[in-house]
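First up is the structure itself, then whatever we jot down about it.
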Amino acid sequence: MIYEISSRILENFETKDTARESSLKLSRKMVRISGRAIKSIHRGECDIAKQLLDEVSTMNREIISELEDHPDIFHAGFVENAQQEYAEASILYSILKKDRVPDPAKLSVKDPAYLLGLGDVVGELRRFILDLIRLDRPHEAEKLLEIMDEIYSTIMLFDFPDALSRGLRRKGDVARSLVERTRGDITNAVEHAKLKEQMSELEKKL
């Protein structure tokens with residue numbers, strides 16, 4: 001009898017181990033491809049980014065299906081990390097394409113992963129703003145700063161223990177710092193642009 005019980009338990013463990021190895025591999029791939037999608041977005045390769053995001057979406061659904069009977073593995077942490085990267089890339093893509101920002105249900109990601117990914121979008125938007133400043137287009141950056149500030153305000157609504165929010169408060173602290181630094185960068189750039197314009201007008205008069 002003990003042998004029969006242990007055999008059944010062993011079979012369950014083998015099934016769980018197979019599911020873990022497969023989902024772990026897919027999760028790592030989700031992280032890598034999400035990163036590639038973000039790089040493509042920064043390069044202006046939106047078609048490529050969309051293809052990569054569709055690929056990640058498929059892998060995410062595979063993981064959800066594979067771990068349906070293994071919630072302990074699903075909540076081990078690595079799936080949430082992968083979904084966080086996927087959410088970040090998807091939200092960034094939607095913002096820059098001026099599309100409707102997808103909600104967690106549409107992406108099939110859990111709320112904490114979505115919010116953590118949303119927090120990371122602030123840093124990516126700052127990169128775009130710095131590029132616009134270097135191109136002497138600070139006024140175009142002001143709209144992105146508004147979005148950064150909106151994301152920060154949204155994150156700060158979720159003042160819950162880390163056990164629930166998964167460290168979202170720290171994301172909020174980082175977002176606040178990035179928003180303030182970026183606001184200063186844009187202000188300086190706008191003032192510099194005004195000064196250049198005034199000097200150019202003065203040169204014309206002379």
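Simple scheme: letters A, B, ... for chains in structure tokens order, numbers from 1 for residues in each chain, numbers from 1 for ligands in the order shown.
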Running DSSP on the backbone, which parts of chain A land in alpha helix (DSSP H), as a VMD selection string?
-> chain A and resid 2 to 42 46 to 66 71 to 74 78 to 96 104 to 107 111 to 134 138 to 155 162 to 165 168 to 205
Can you tell me, as a ChimeraX atom specification, what residues are no more than 12 Å from Asp103 in chain A when counting only C-alpha atoms, ignoring any on the same chain fewer than 2 positions away?
-> /A:87-88,90-91,94,100-101,105-111,113-115,117-118
Near range 15-23 of chain A, within 12 Å and counting only C-alpha atoms, which residues show up once chain neighbours fewer than 3 positions away are dropped, as a compact mmCIF listing (two decimals) with N, CA and C atoms, in the first residue's frame?
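Result file out-v8.txt:
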```txt
# COMPACT_ATOMS: atom_id res chain seq x y z
N ARG A 8 2.13 7.17 -6.60
CA ARG A 8 1.20 8.20 -7.04
C ARG A 8 1.75 9.59 -6.72
N ILE A 9 2.33 9.74 -5.55
CA ILE A 9 2.92 11.03 -5.16
C ILE A 9 4.10 11.35 -6.07
N LEU A 10 4.91 10.35 -6.37
CA LEU A 10 6.06 10.54 -7.24
C LEU A 10 5.61 11.01 -8.63
N GLU A 11 4.55 10.40 -9.11
CA GLU A 11 4.03 10.80 -10.42
C GLU A 11 3.56 12.25 -10.40
N ASN A 12 2.92 12.64 -9.29
CA ASN A 12 2.48 14.03 -9.17
C ASN A 12 3.66 14.99 -9.15
N LEU A 26 9.82 29.26 -20.50
CA LEU A 26 8.99 30.23 -21.21
C LEU A 26 9.05 31.62 -20.55
N SER A 27 9.10 31.65 -19.23
CA SER A 27 9.16 32.92 -18.51
C SER A 27 10.44 33.68 -18.84
N ARG A 28 11.54 32.95 -18.88
CA ARG A 28 12.82 33.59 -19.23
C ARG A 28 12.78 34.13 -20.64
N LYS A 29 12.14 33.39 -21.52
CA LYS A 29 12.02 33.83 -22.91
C LYS A 29 11.12 35.06 -23.00
N MET A 30 10.06 35.09 -22.20
CA MET A 30 9.19 36.26 -22.16
C MET A 30 9.97 37.52 -21.77
N MET A 59 3.17 33.18 -25.43
CA MET A 59 3.90 32.45 -24.39
C MET A 59 3.24 32.62 -23.03
N ASN A 60 2.75 33.82 -22.75
CA ASN A 60 2.08 34.06 -21.48
C ASN A 60 0.85 33.18 -21.34
N ARG A 61 0.08 33.06 -22.40
CA ARG A 61 -1.11 32.21 -22.36
C ARG A 61 -0.73 30.73 -22.19
N GLU A 62 0.38 30.34 -22.80
CA GLU A 62 0.86 28.96 -22.64
C GLU A 62 1.20 28.66 -21.19
N ILE A 63 1.86 29.61 -20.54
CA ILE A 63 2.23 29.43 -19.13
C ILE A 63 0.98 29.32 -18.26
N ILE A 64 0.03 30.21 -18.49
CA ILE A 64 -1.20 30.20 -17.70
C ILE A 64 -1.91 28.85 -17.84
N SER A 65 -1.97 28.34 -19.06
CA SER A 65 -2.63 27.06 -19.30
C SER A 65 -1.85 25.92 -18.65
N GLU A 66 -0.52 25.98 -18.78
CA GLU A 66 0.32 24.90 -18.27
C GLU A 66 0.29 24.81 -16.75
N LEU A 67 0.15 25.96 -16.11
CA LEU A 67 0.19 26.00 -14.64
C LEU A 67 -1.19 26.11 -14.01
N GLU A 68 -2.22 25.86 -14.78
CA GLU A 68 -3.58 25.96 -14.26
C GLU A 68 -3.79 25.06 -13.05
N ASP A 69 -3.18 23.89 -13.07
CA ASP A 69 -3.32 22.94 -11.95
C ASP A 69 -2.17 23.04 -10.96
N HIS A 70 -1.31 24.04 -11.15
CA HIS A 70 -0.14 24.19 -10.26
C HIS A 70 -0.02 25.64 -9.80
N PRO A 71 -0.99 26.13 -9.02
CA PRO A 71 -0.95 27.53 -8.57
C PRO A 71 0.28 27.86 -7.72
N ASP A 72 0.81 26.86 -7.02
CA ASP A 72 2.00 27.12 -6.21
C ASP A 72 3.18 27.51 -7.08
N ILE A 73 3.31 26.89 -8.23
CA ILE A 73 4.40 27.24 -9.15
C ILE A 73 4.11 28.58 -9.81
N PHE A 74 2.85 28.79 -10.18
CA PHE A 74 2.49 30.05 -10.84
C PHE A 74 2.85 31.24 -9.96
N HIS A 75 2.67 31.08 -8.65
CA HIS A 75 2.91 32.19 -7.72
C HIS A 75 4.31 32.13 -7.09
N ALA A 76 5.21 31.36 -7.68
CA ALA A 76 6.56 31.24 -7.12
C ALA A 76 7.39 32.49 -7.33
N GLY A 77 7.00 33.32 -8.31
CA GLY A 77 7.72 34.58 -8.52
C GLY A 77 8.19 34.80 -9.94
N PHE A 78 8.67 33.74 -10.60
CA PHE A 78 9.25 33.94 -11.94
C PHE A 78 8.20 34.28 -13.00
N VAL A 79 6.99 33.77 -12.84
CA VAL A 79 5.93 34.11 -13.79
C VAL A 79 5.55 35.59 -13.63
N GLU A 80 5.46 36.05 -12.39
CA GLU A 80 5.13 37.45 -12.15
C GLU A 80 6.19 38.37 -12.74
N ALA A 82 8.06 37.78 -15.34
CA ALA A 82 7.88 37.76 -16.79
C ALA A 82 6.68 38.61 -17.20
```
Interatomic distance between CA of Arg32 in chain A and CA of Lys50 in chain A?
-> 14.8 Å
Residue contacts of range 35-38 of chain A (9 Å, only C-alpha atoms) excluding same-chain residues fewer than 4 positions away, as a CSV table (one decimal) with N, CA and C atoms, in the first residue's frame:
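Heads up, here's the output in part-v7.csv:
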```csv
chain,number,residue,atom,x,y,z
A,30,MET,N,10.1,35.1,-22.2
A,30,MET,CA,9.2,36.3,-22.2
A,30,MET,C,10.0,37.5,-21.8
A,31,VAL,N,10.8,37.4,-20.8
A,31,VAL,CA,11.6,38.5,-20.3
A,31,VAL,C,12.6,39.0,-21.4
A,42,HIS,N,12.2,51.9,-28.8
A,42,HIS,CA,13.1,53.1,-28.8
A,42,HIS,C,13.7,53.4,-30.1
A,43,ARG,N,13.9,52.4,-30.9
A,43,ARG,CA,14.4,52.6,-32.3
A,43,ARG,C,13.4,53.0,-33.3
A,45,GLU,N,11.0,51.1,-34.3
A,45,GLU,CA,10.6,49.9,-35.1
A,45,GLU,C,9.3,49.3,-34.5
A,46,CYS,N,8.2,50.0,-34.7
A,46,CYS,CA,7.0,49.7,-34.0
A,46,CYS,C,6.4,48.4,-34.6
A,48,ILE,N,8.1,45.8,-35.7
A,48,ILE,CA,8.8,44.7,-35.1
A,48,ILE,C,8.4,44.5,-33.6
A,49,ALA,N,8.2,45.6,-32.9
A,49,ALA,CA,7.8,45.6,-31.5
A,49,ALA,C,6.5,44.9,-31.4
A,50,LYS,N,5.6,45.2,-32.3
A,50,LYS,CA,4.2,44.6,-32.2
A,50,LYS,C,4.3,43.1,-32.4
A,51,GLN,N,5.2,42.6,-33.3
A,51,GLN,CA,5.3,41.2,-33.6
A,51,GLN,C,5.9,40.5,-32.3
A,52,LEU,N,6.9,41.1,-31.7
A,52,LEU,CA,7.5,40.6,-30.5
A,52,LEU,C,6.5,40.5,-29.4
A,53,LEU,N,5.7,41.5,-29.2
A,53,LEU,CA,4.7,41.5,-28.1
A,53,LEU,C,3.6,40.4,-28.4
A,85,GLU,N,7.5,42.3,-17.1
A,85,GLU,CA,8.2,42.8,-18.3
A,85,GLU,C,7.3,43.0,-19.5
A,86,TYR,N,6.4,42.0,-19.6
A,86,TYR,CA,5.5,42.0,-20.7
A,86,TYR,C,4.5,43.2,-20.6
A,88,GLU,N,5.1,46.0,-19.0
A,88,GLU,CA,5.9,47.3,-19.3
A,88,GLU,C,6.0,47.5,-20.8
A,89,ALA,N,6.4,46.5,-21.5
A,89,ALA,CA,6.6,46.7,-23.0
A,89,ALA,C,5.2,47.0,-23.6
A,90,SER,N,4.2,46.4,-23.2
A,90,SER,CA,2.9,46.6,-23.9
A,90,SER,C,2.3,48.0,-23.6
A,92,LEU,N,4.1,50.7,-22.7
A,92,LEU,CA,5.0,51.6,-23.4
A,92,LEU,C,4.6,51.8,-24.8
A,93,TYR,N,4.4,50.6,-25.5
A,93,TYR,CA,4.0,50.6,-26.9
A,93,TYR,C,2.7,51.3,-27.1
A,124,GLU,N,11.3,54.4,-18.9
A,124,GLU,CA,11.4,54.3,-20.3
A,124,GLU,C,11.0,55.7,-21.0
```
Residue neighbourhood Ser165 in chain A, 12 Å, only C-alpha atoms, exclusion window fewer than 2 positions, as a list in words = Glu80, Lys110, Asp111, Pro112, Ala113, Tyr114, Leu115, Leu116, Gly119, Ile155, Met156, Leu157, Phe158, Asp159, Phe160, Pro161, Asp162, Ala163, Gly167, Leu168, Arg169, Arg170, Lys171 and Gly172 of chain A
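Straight-line separation from CA of Glu140 in chain A to CA of Ala189 in chain A: 11.4 Å.
When only C-alpha atoms are used to measure the gap to Ser177 in chain A, the shortest distance among A:Asp149, A:Glu55, A:Glu14, A:Glu191 belongs to A:Asp149.
In this structure, CA of Asp185 in chain A sits 19.9 Å away from CA of Ser153 in chain A.
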For Glu180 in chain A, the closest of A:Asp47, A:Asp136, A:Glu146, A:Asp54 counting only C-alpha atoms is A:Glu146
